[in-house]
$ cat work_28.tsv   # TSV, C-alpha atoms and all ligand atoms
chain	number	residue	atom	x	y	z
R	27	MET	CA	51.95	72.61	138.24
R	28	ALA	CA	53.63	71.95	141.61
R	29	SER	CA	55.81	74.72	143.03
R	30	THR	CA	58.94	74.40	145.16
R	31	ASP	CA	58.04	77.70	146.86
R	32	PRO	CA	54.65	77.24	148.56
R	33	ALA	CA	54.49	80.87	149.75
R	34	ALA	CA	55.02	82.23	146.22
R	35	ALA	CA	52.54	79.72	144.83
R	36	LEU	CA	49.91	80.72	147.39
R	37	ALA	CA	50.48	84.40	146.56
R	38	GLU	CA	49.95	83.57	142.88
R	39	LEU	CA	46.81	81.54	143.61
R	40	THR	CA	45.22	84.24	145.78
R	41	ALA	CA	46.12	86.94	143.25
R	42	ARG	CA	44.34	84.92	140.57
R	43	ALA	CA	41.28	84.48	142.82
R	44	ASP	CA	41.24	88.33	142.93
R	45	SER	CA	39.19	88.93	146.08
R	46	ALA	CA	36.63	91.70	146.36
R	47	LEU	CA	37.66	94.44	148.79
R	48	THR	CA	35.93	95.86	151.83
R	49	ILE	CA	36.47	98.78	154.16
R	50	VAL	CA	36.06	97.76	157.79
R	51	THR	CA	35.26	100.50	160.30
R	52	THR	CA	34.84	100.55	164.04
R	53	ALA	CA	34.91	102.95	166.99
R	54	HIS	CA	35.68	103.02	170.68
R	55	ASP	CA	35.24	105.83	173.16
R	56	GLY	CA	34.38	108.31	170.37
R	57	GLU	CA	37.42	107.40	168.26
R	58	PRO	CA	36.55	106.13	164.76
R	59	SER	CA	38.93	103.86	162.87
R	60	GLY	CA	38.92	101.88	159.66
R	61	CYS	CA	41.05	100.29	156.97
R	62	LEU	CA	40.89	98.53	153.61
R	63	VAL	CA	40.45	94.77	154.11
R	64	GLY	CA	40.95	92.00	151.58
R	65	PHE	CA	40.83	89.16	154.12
R	66	HIS	CA	37.12	88.64	154.80
R	67	SER	CA	34.47	85.98	154.30
R	68	GLN	CA	31.10	84.71	155.40
R	69	CYS	CA	32.00	81.73	157.58
R	70	SER	CA	28.63	80.26	158.67
R	71	ILE	CA	25.12	80.18	157.18
R	72	GLU	CA	23.05	79.05	160.19
R	73	PRO	CA	23.64	80.98	162.32
R	74	TRP	CA	24.99	83.79	160.15
R	75	ARG	CA	28.62	84.53	160.84
R	76	TYR	CA	31.17	86.68	159.01
R	77	ALA	CA	34.93	86.87	159.65
R	78	VAL	CA	37.42	89.64	158.94
R	79	TRP	CA	41.15	89.45	159.53
R	80	LEU	CA	42.91	92.54	160.85
R	81	SER	CA	46.65	93.15	160.86
R	82	THR	CA	48.04	93.58	164.36
R	83	ALA	CA	50.08	96.52	162.97
R	84	ASN	CA	46.94	98.53	162.22
R	85	HIS	CA	45.26	101.30	164.18
R	86	THR	CA	41.97	99.63	163.21
R	87	TYR	CA	43.03	96.42	164.97
R	88	ARG	CA	43.80	98.22	168.21
R	89	VAL	CA	40.46	100.06	168.20
R	90	ALA	CA	38.61	96.86	167.15
R	91	ARG	CA	40.01	94.99	170.15
R	92	LEU	CA	38.18	97.48	172.40
R	93	ALA	CA	35.03	97.91	170.28
R	94	ASP	CA	31.76	95.96	170.40
R	95	HIS	CA	30.82	96.32	166.72
R	96	LEU	CA	32.51	96.47	163.31
R	97	ALA	CA	31.02	97.56	159.97
R	98	VAL	CA	32.00	95.82	156.73
R	99	HIS	CA	31.47	98.02	153.64
R	100	PHE	CA	31.65	96.39	150.20
R	101	VAL	CA	33.66	98.62	147.86
R	102	ALA	CA	32.49	99.26	144.29
R	103	ALA	CA	34.84	99.63	141.33
R	104	GLY	CA	34.16	103.37	141.20
R	105	ASP	CA	35.33	103.88	144.79
R	106	HIS	CA	39.06	103.41	144.17
R	107	ASP	CA	39.85	106.78	145.78
R	108	LEU	CA	38.13	105.78	149.02
R	109	ALA	CA	39.85	102.38	149.01
R	110	ALA	CA	43.23	104.07	148.48
R	111	HIS	CA	42.52	106.49	151.33
R	112	PHE	CA	41.58	103.74	153.82
R	113	GLY	CA	44.34	101.43	152.59
R	114	SER	CA	47.26	103.83	152.49
R	115	ALA	CA	46.67	106.32	155.31
R	116	THR	CA	46.84	105.22	158.94
R	117	GLY	CA	44.81	106.38	161.91
R	118	ASP	CA	48.11	106.50	163.79
R	119	GLU	CA	48.91	109.67	161.82
R	120	VAL	CA	45.70	111.16	160.44
R	121	ASP	CA	41.97	111.30	161.09
R	122	LYS	CA	40.78	109.30	158.08
R	123	PHE	CA	37.18	110.34	158.68
R	124	ALA	CA	37.83	114.10	158.47
R	125	GLY	CA	36.06	115.51	155.43
R	126	LEU	CA	34.15	112.27	154.75
R	127	ALA	CA	30.38	111.91	155.00
R	128	TRP	CA	29.63	109.33	157.65
R	129	GLY	CA	27.13	108.68	160.41
R	130	PRO	CA	26.74	106.31	163.35
R	131	GLY	CA	25.29	102.85	162.80
R	132	ALA	CA	24.39	100.09	165.26
R	133	GLY	CA	26.60	100.26	168.32
R	134	GLY	CA	27.94	103.67	167.22
R	135	VAL	CA	30.07	102.18	164.44
R	136	PRO	CA	30.90	104.71	161.67
R	137	LEU	CA	29.02	104.07	158.40
R	138	LEU	CA	30.45	105.62	155.23
R	139	LYS	CA	27.74	107.30	153.14
R	140	ARG	CA	29.63	106.59	149.89
R	141	LEU	CA	29.43	102.81	150.50
R	142	PRO	CA	25.75	101.86	150.96
R	143	ASN	CA	26.28	98.06	150.59
R	144	ARG	CA	27.38	97.06	154.08
R	145	PHE	CA	26.55	95.38	157.34
R	146	VAL	CA	27.27	95.95	161.00
R	147	GLY	CA	28.32	92.96	163.06
R	148	ARG	CA	28.58	92.43	166.77
R	149	LYS	CA	31.99	91.13	167.74
R	150	LEU	CA	31.60	87.52	168.85
R	151	GLU	CA	35.10	86.07	168.98
R	152	VAL	CA	38.69	87.08	168.32
R	153	LEU	CA	40.90	84.24	167.11
R	154	ASP	CA	44.64	84.88	167.34
R	155	THR	CA	46.69	82.04	165.86
R	156	GLY	CA	49.97	83.90	166.26
R	157	GLY	CA	50.09	85.26	162.69
R	158	ASP	CA	50.28	88.89	161.62
R	159	HIS	CA	46.49	89.01	161.10
R	160	VAL	CA	43.89	88.19	163.76
R	161	CYS	CA	40.42	86.82	162.95
R	162	VAL	CA	37.39	88.72	164.24
R	163	VAL	CA	34.13	86.75	163.96
R	164	LEU	CA	31.00	88.88	163.61
R	165	ASP	CA	27.31	88.30	164.22
R	166	PRO	CA	25.58	90.57	161.64
R	167	VAL	CA	22.98	92.81	163.31
R	168	THR	CA	22.04	95.26	160.53
R	169	VAL	CA	22.46	94.81	156.78
R	170	ASP	CA	22.04	97.44	154.02
R	171	VAL	CA	21.72	96.31	150.40
R	172	ALA	CA	21.60	99.25	148.00
R	173	GLY	CA	21.51	97.45	144.68
R	174	THR	CA	23.90	95.64	142.40
R	175	PHE	CA	27.51	96.79	142.14
R	176	THR	CA	30.71	95.72	140.49
R	177	PRO	CA	33.21	95.01	143.27
R	178	LEU	CA	36.59	96.67	143.46
R	179	ARG	CA	39.06	93.80	143.50
R	180	LEU	CA	42.67	93.29	144.56
R	181	SER	CA	43.82	93.67	140.95
R	182	GLY	CA	42.29	97.17	140.92
R	183	VAL	CA	44.49	98.52	143.74
R	184	ASP	CA	47.99	97.56	142.59
R	185	ASP	CA	48.90	101.21	143.04
R	186	VAL	CA	47.94	101.37	146.74
R	187	VAL	CA	50.78	101.04	149.26
R	188	PRO	CA	49.44	99.89	152.66
R	189	GLY	CA	49.75	102.43	155.48
R	190	HIS	CA	51.27	99.70	157.63
R	191	PRO	CA	53.27	96.80	156.23
R	192	ALA	CA	51.59	93.52	157.33
G	1	LIG	C1	44.90	95.57	148.75
G	1	LIG	C2	45.02	95.73	150.25
G	1	LIG	C3	44.42	94.77	151.08
G	1	LIG	C4	44.53	94.90	152.48
G	1	LIG	N1	43.94	93.95	153.28
G	1	LIG	C5	44.03	94.08	154.63
G	1	LIG	C6	43.38	93.13	155.48
G	1	LIG	O1	42.76	92.17	155.04
G	1	LIG	N2	43.44	93.34	156.83
G	1	LIG	C7	44.11	94.42	157.36
G	1	LIG	O2	44.13	94.57	158.59
G	1	LIG	N3	44.76	95.32	156.57
G	1	LIG	C8	44.72	95.18	155.23
G	1	LIG	N4	45.34	96.08	154.43
G	1	LIG	C9	46.20	97.11	155.02
G	1	LIG	C10	45.48	98.31	155.63
G	1	LIG	O3	44.33	98.68	154.90
G	1	LIG	C11	46.47	99.52	155.68
G	1	LIG	O4	47.69	99.15	156.28
G	1	LIG	C12	45.88	100.72	156.37
G	1	LIG	O5	46.66	101.86	156.04
G	1	LIG	C13	45.84	100.56	157.89
G	1	LIG	O6	45.22	101.69	158.46
G	1	LIG	P1	45.06	101.88	160.03
G	1	LIG	O7	46.44	101.85	160.64
G	1	LIG	O8	44.38	103.20	160.18
G	1	LIG	O9	44.21	100.74	160.52
G	1	LIG	C14	45.24	95.99	153.04
G	1	LIG	C15	45.81	96.96	152.20
G	1	LIG	C16	45.71	96.83	150.82
G	1	LIG	C17	46.34	97.88	149.94
$ encode --input "work_28.tsv" --output "structure tokens" --more "lines below"
Ligand SMILES: Cc1cc2nc3c(=O)[nH]c(=O)nc-3n(C[C@H](O)[C@H](O)[C@H](O)COP(=O)(O)O)c2cc1C
Amino acid sequence: MASTDPAAALAELTARADSALTIVTTAHDGEPSGCLVGFHSQCSIEPWRYAVWLSTANHTYRVARLADHLAVHFVAAGDHDLAAHFGSATGDEVDKFAGLAWGPGAGGVPLLKRLPNRFVGRKLEVLDTGGDHVCVVLDPVTVDVAGTFTPLRLSGVDDVVPGHPA
């Protein structure tokens, strides 16, 4: 069915696709940062490449611009509380890592102990097409696979209000 409102139709289509969610973390000069990210995808097989899109409004974006590495953690259905924390609080106001178990990964990037399915990527390119999200292309350098998991999806976080509007 064709729609006269392409933006509304695209929102409907992407809601139906129901993407799996990730938490992207990074650090610069001893300052950790991270947020919930629904815009992410592998974008090349040979060589391996993975892209995440960060909102220019986010603390994570500003730290990521200065950082060398980002970690992409795949969120399981049972980790709604962690997704809500990283999606609704902002590093502009709170230290999101206080009280959480985390340790440094490749390049000093913060790895969340609760989310063992993840990879660390070296920042290769930043592609800014003038939109409210900027593409960061990663070259994966370490990958942790901790077993099968049921992903937390967009439809599972209807109750989470983003810390920054896009
Ligand atoms: C379901 C959902 C998906 C989101 N997807 C993204 C995304 O793909 N990229 C992004 O930069 N922010 C995304 N956000 C918003 C950030 O996670 C949110 O604004 C966060 O509070 C920003 O924190 P920060 O300022 O510490 O970086 C999403 C939020 C929600 C609730």
$ residues_near_point --input "work_28.tsv" --point "(42.5, 108.4, 154.8)" --cutoff "10 Å" --atoms "all atoms listed in the file" --output "list in words"
Ser59, Gly60, Cys61, Asp107, Leu108, Ala109, Ala110, His111, Phe112, Gly113, Ser114, Ala115, Thr116, Gly117, Glu119, Val120, Asp121, Lys122, Phe123, Ala124, Gly125, Leu126 and Gly189 of chain R
$ closest_residue --input "work_28.tsv" --among "R:Val167, R:Val160, R:Val183, R:Leu39" --to "Asn84 (chain R)" --atoms "only C-alpha atoms"
R:Val160
$ closest_residue --input "work_28.tsv" --among "R:Gly64, R:Gly147, R:Gly182, R:Gly157" --to "ligand LIG 1 (chain G)" --atoms "only C-alpha atoms and all ligand atoms"
R:Gly64
$ residues_around --input "work_28.tsv" --residues "Ala53 (chain R)" --least-positions-apart "4" --cutoff "12 Å" --atoms "all atoms listed in the file" --output "CSV table (one decimal) with C-alpha atoms, keeping the file's coordinate frame"
chain,number,residue,atom,x,y,z
R,57,GLU,CA,37.4,107.4,168.3
R,58,PRO,CA,36.6,106.1,164.8
R,59,SER,CA,38.9,103.9,162.9
R,60,GLY,CA,38.9,101.9,159.7
R,85,HIS,CA,45.3,101.3,164.2
R,86,THR,CA,42.0,99.6,163.2
R,87,TYR,CA,43.0,96.4,165.0
R,88,ARG,CA,43.8,98.2,168.2
R,89,VAL,CA,40.5,100.1,168.2
R,90,ALA,CA,38.6,96.9,167.2
R,91,ARG,CA,40.0,95.0,170.2
R,92,LEU,CA,38.2,97.5,172.4
R,93,ALA,CA,35.0,97.9,170.3
R,94,ASP,CA,31.8,96.0,170.4
R,95,HIS,CA,30.8,96.3,166.7
R,96,LEU,CA,32.5,96.5,163.3
R,97,ALA,CA,31.0,97.6,160.0
R,117,GLY,CA,44.8,106.4,161.9
R,123,PHE,CA,37.2,110.3,158.7
R,129,GLY,CA,27.1,108.7,160.4
R,130,PRO,CA,26.7,106.3,163.4
R,131,GLY,CA,25.3,102.8,162.8
R,132,ALA,CA,24.4,100.1,165.3
R,133,GLY,CA,26.6,100.3,168.3
R,134,GLY,CA,27.9,103.7,167.2
R,135,VAL,CA,30.1,102.2,164.4
R,136,PRO,CA,30.9,104.7,161.7
R,137,LEU,CA,29.0,104.1,158.4
R,146,VAL,CA,27.3,96.0,161.0
$ atom_distance --input "work_28.tsv" --atom1 "CA of Phe100 (chain R)" --atom2 "CA of Val152 (chain R)"
21.6 Å
$ decode --input "work_28.tsv" --residues "region 31-112 of chain R" --atoms "C-alpha atoms" --output "compact mmCIF listing (two decimals), in the first residue's frame"
# COMPACT_ATOMS: atom_id res chain seq x y z
CA ASP R 31 3.48 10.48 3.92
CA PRO R 32 6.85 8.83 3.21
CA ALA R 33 8.28 9.72 6.64
CA ALA R 34 5.37 8.07 8.47
CA ALA R 35 5.55 5.07 6.15
CA LEU R 36 9.27 4.66 6.77
CA ALA R 37 8.69 4.88 10.53
CA GLU R 38 6.07 2.14 10.21
CA LEU R 39 8.36 -0.03 8.07
CA THR R 40 11.33 0.27 10.44
CA ALA R 41 9.11 -0.37 13.46
CA ARG R 42 7.91 -3.58 11.81
CA ALA R 43 11.51 -4.62 11.04
CA ASP R 44 12.05 -4.29 14.83
CA SER R 45 15.84 -3.91 14.98
CA ALA R 46 17.96 -5.53 17.66
CA LEU R 47 19.50 -3.01 20.05
CA THR R 48 23.10 -2.39 21.03
CA ILE R 49 24.90 -0.30 23.61
CA VAL R 50 27.86 1.54 22.10
CA THR R 51 30.61 2.66 24.47
CA THR R 52 33.78 4.64 24.00
CA ALA R 53 36.29 6.70 25.98
CA HIS R 54 38.69 9.58 25.55
CA ASP R 55 41.21 10.98 27.99
CA GLY R 56 39.85 8.78 30.82
CA GLU R 57 36.23 9.79 30.24
CA PRO R 58 33.91 6.85 29.45
CA SER R 59 30.71 7.38 27.48
CA GLY R 60 28.00 5.24 25.96
CA CYS R 61 24.41 5.14 24.76
CA LEU R 62 21.70 2.80 23.48
CA VAL R 63 21.94 2.47 19.68
CA GLY R 64 19.36 1.09 17.29
CA PHE R 65 21.08 2.35 14.13
CA HIS R 66 23.85 -0.19 13.49
CA SER R 67 24.81 -2.78 10.89
CA GLN R 68 27.61 -4.84 9.46
CA CYS R 69 28.42 -3.02 6.21
CA SER R 70 31.19 -5.11 4.57
CA ILE R 71 32.20 -8.79 4.67
CA GLU R 72 35.69 -8.64 3.12
CA PRO R 73 37.20 -6.72 4.75
CA TRP R 74 34.99 -6.77 7.84
CA ARG R 75 33.36 -3.45 8.52
CA TYR R 76 30.59 -2.41 10.91
CA ALA R 77 28.78 0.94 11.05
CA VAL R 78 26.99 2.68 13.91
CA TRP R 79 25.11 5.95 13.68
CA LEU R 80 25.40 8.39 16.58
CA SER R 81 23.15 11.37 17.22
CA THR R 82 25.05 14.65 17.18
CA ALA R 83 23.04 15.62 20.29
CA ASN R 84 24.63 12.85 22.36
CA HIS R 85 27.51 12.96 24.83
CA THR R 86 28.61 9.65 23.27
CA TYR R 87 28.95 11.31 19.86
CA ARG R 88 31.19 14.05 21.21
CA VAL R 89 33.47 11.57 23.00
CA ALA R 90 33.44 9.22 19.96
CA ARG R 91 34.69 12.02 17.71
CA LEU R 92 37.85 12.17 19.85
CA ALA R 93 38.21 8.43 20.54
CA ASP R 94 40.11 5.79 18.56
CA HIS R 95 37.88 2.81 19.41
CA LEU R 96 34.20 2.05 20.04
CA ALA R 97 32.65 -1.09 21.57
CA VAL R 98 29.34 -2.45 20.29
CA HIS R 99 27.52 -4.61 22.89
CA PHE R 100 24.55 -6.70 21.74
CA VAL R 101 21.75 -6.40 24.29
CA ALA R 102 19.77 -9.46 25.39
CA ALA R 103 16.05 -9.42 26.19
CA GLY R 104 16.79 -9.74 29.91
CA ASP R 105 18.91 -6.57 29.93
CA HIS R 106 16.07 -4.07 29.58
CA ASP R 107 17.21 -2.19 32.71
CA LEU R 108 20.67 -1.62 31.27
CA ALA R 109 19.21 -0.54 27.91
CA ALA R 110 16.90 1.91 29.69
CA HIS R 111 19.82 3.29 31.69
CA PHE R 112 22.03 3.88 28.62
